[in-house]
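K.L.:
Here's a structure for you.
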Amino acid sequence: MNPYSYKWQMYPGLIPLCHGDMDFDSDPKVIEAVLSRLSWPLTYPPPYRVSGVATTLSHYYRDAHGLTVPEDAFWLGAGCLSQSYQVFASLLSPGDEVLYWKPAFKHVPGAVEAAGGIPVPVPAVDRELVREDLERLRGPATRAVYLVNPHNPTGKVFTTAELCTVSEFAAAHNLVVVSNELHARLVWEGGHTPFATVDEAAPQLSITLSGASKSHNLAGIGGAFAFSLNRMLLESVCRPAMHLCPEATSVQQAALAAAYGGDSPWLRETRGRLRSARDYVCRELRTKLPGVVLSPPQGTYFLWVDFQSCLRPGENAAEVLRRDCGVTSGAGPDFGGTASQARLSFTAQEDLLRQAVRQITDGLTDRLSGGGPAVDQPTLAAAQPTRTH
């Protein structure tokens, strides 16, 4: 068992599918860069705009997306969450409203509320987003749109047409778009489209948040970045952040530079593993629990599932999965969803993921047939990840 893993220490005897990190080893390319940095004295790092990491990020966006981002247009921070909180603290006045997509990771509306703003949910729909979906929710106090793409928890990847709709809407009403693209390198069909590339207005009205913690399994190191081609917007966010949002440390800078120096063999292999895991989990749940409602995620490593058909009135899906199946999940209400919904992560090693899915399908099938819990909880203590190489 990983003694440094929150989920494996906090949920003994259970298989944790509840958190946004992987059970896999991190990218050897990144680890090598970090170890190399640790071989030097841990002095104050040089400014990131001259240390080389901003150059690497600039080259990445140029080569991967055809987007020219000057090196001095980046803002490196200790983490994406702290940067998102600082962005809204800078942008909003008390009572200002921000549109965001619901269900949502709790820190999305939380960042708005912490700044004294009012988060206004845009309900997630199966069809393509249209302008009216946003217009009907806009009010005189609307100041910004918080876009999370790929989306957490549904795994939706917004199409270029949808991103253009958001940009046109924001431009028409002088709104700022905060585009959180933390899972951008974990897209399963096609590729990621940065919001700043969709039209001429987008790079001037937006600020993008991203990093390598999800794609390269670096939650324990952290480090993130933001950028905007609107210098006034970027400066308005960065200046007040000086003493509130720590800049990326030397180790975080080394990790970011290694992660964005191109797609490593590890990253390509990991994307393949996660795509196969997604297909397996979706297939098994649909086949063995045909009443559940799910849409295969187009990005991220999360699966948003409605287990209503497997529950009795008043039951909470996350509680049932934990009690009767020995698996932890993200509870639907924590994301603004219903009690019958839950978020599952499919980043476990293959043997543990198969065991978890088997416990879910057997446990819920047994409940539907009138039996008792399908999991003998003490036997789950042996379920633990091992290192992979």
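We name chains A, B, ... following the order of the structure tokens; residues begin at 1 in each chain, and ligands are numbered from 1 as shown.
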If we count only C-alpha atoms, what is near Thr43 in chain A at a cut-off of 12 Å, once residues fewer than 6 positions away on the same chain are taken out, given as a PyMOL selection string?
P.N.:
chain A and resi 37+249-251
K.L.:
Residues near Arg343 in chain A, anyone? I mean within 6 Å using only C-alpha atoms, not counting same-chain ones fewer than 6 positions away, as a list in words.
P.N.:
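Once the adjacent positions are removed, what remains is Leu303, Trp304, Ser329 and Gly330 of chain A.
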K.L.:
Looking at A:Glu135, A:Leu234, A:Val320, A:Asn217, which one is nearest to Ser5 in chain A, with distances taken over only C-alpha atoms?
P.N.:
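Nearest to Ser5 in chain A: A:Asn217.
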K.L.:
Considering only C-alpha atoms, return as a PyMOL selection string whatever protein or nucleic-acid residues lie within 6 Å of range 103-114 of chain A, sequence-local ones (same chain, fewer than 4 positions apart) excluded.
P.N.:
chain A and resi 85+118-119+152+335-337
K.L.:
Restricting the calculation to only C-alpha atoms: of A:Ser167, A:Asn180, A:Ser213, A:Asn2, which residue gets closest to Glu200 in chain A?
P.N.:
A:Ser167
K.L.:
Using only C-alpha atoms for the distances, tell me which of A:Gly363, A:Gly261, A:Pro297, A:Gly291 is nearest to Leu321 in chain A.
P.N.:
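The answer is A:Gly363, which sits nearest to Leu321 in chain A.
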K.L.:
Find, counting only C-alpha atoms, the residue in A:Gly52, A:Gly222, A:Pro153, A:Pro47 that gets nearest to Ser82 in chain A.
P.N.:
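Of A:Gly52, A:Gly222, A:Pro153, A:Pro47, the one nearest Ser82 in chain A is A:Gly222, counting only C-alpha atoms.
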K.L.:
Kindly give the distance, in Å, that separates CA of Ala89 in chain A and CA of Ala115 in chain A, rounded to a single decimal.
P.N.:
4.6 Å
K.L.:
Would you kindly return, as a list of chain:residue names, each protein, DNA or RNA residue with an atom no farther than 10 Å from any atom of Arg312 in chain A, considering only C-alpha atoms and excluding same-chain residues fewer than 3 positions away?
P.N.:
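Surrounding residues, per the criterion: A:Gln308, A:Ser309, A:Glu315, A:Asn316, A:Ala317, A:Val320, A:Ser340, A:Arg367, A:Leu368.
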K.L.:
Can you write just those residues out, C-alpha atoms, as a PDB file, in the first residue's frame?
P.N.:
ATOM      1  CA  GLN A 308     -31.100   5.186  -9.726  1.00  0.00           C
ATOM      2  CA  SER A 309     -32.274   1.852 -11.146  1.00  0.00           C
ATOM      3  CA  GLU A 315     -30.739   5.798  -0.876  1.00  0.00           C
ATOM      4  CA  ASN A 316     -27.461   7.505  -1.700  1.00  0.00           C
ATOM      5  CA  ALA A 317     -25.421   5.829  -4.456  1.00  0.00           C
ATOM      6  CA  VAL A 320     -24.498   2.002  -1.191  1.00  0.00           C
ATOM      7  CA  SER A 340     -28.424   8.546  -7.145  1.00  0.00           C
ATOM      8  CA  ARG A 367     -29.298  -6.108  -3.965  1.00  0.00           C
ATOM      9  CA  LEU A 368     -31.753  -6.046  -6.838  1.00  0.00           C
TER      10      LEU A 368
END
K.L.:
Considering only C-alpha atoms, state which residue in the set A:Gly220, A:Thr365, A:Val327, A:Gln253 is at the smallest distance from Val292 in chain A.
P.N.:
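Closest to Val292 in chain A, using only C-alpha atoms: A:Thr365.
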K.L.:
Between CA of Ser228 in chain A and CA of Ala259 in chain A, what is the distance, to one decimal in Å?
P.N.:
20.5 Å
K.L.:
With distances taken over only C-alpha atoms, which residue among A:Arg185, A:Leu285, A:Ala318, A:Gln298 lies nearest Tyr60 in chain A?
P.N.:
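Comparing A:Arg185, A:Leu285, A:Ala318, A:Gln298 against Tyr60 in chain A, the winner is A:Arg185.
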K.L.:
List as a PyMOL selection string the protein and nucleic acid residues near Leu91 in chain A, meaning an atom at most 10 Å away when only C-alpha atoms are counted, but skip any in the same chain fewer than 6 places from it.
P.N.:
chain A and resi 112+115+117+143-144+176+233+236-237
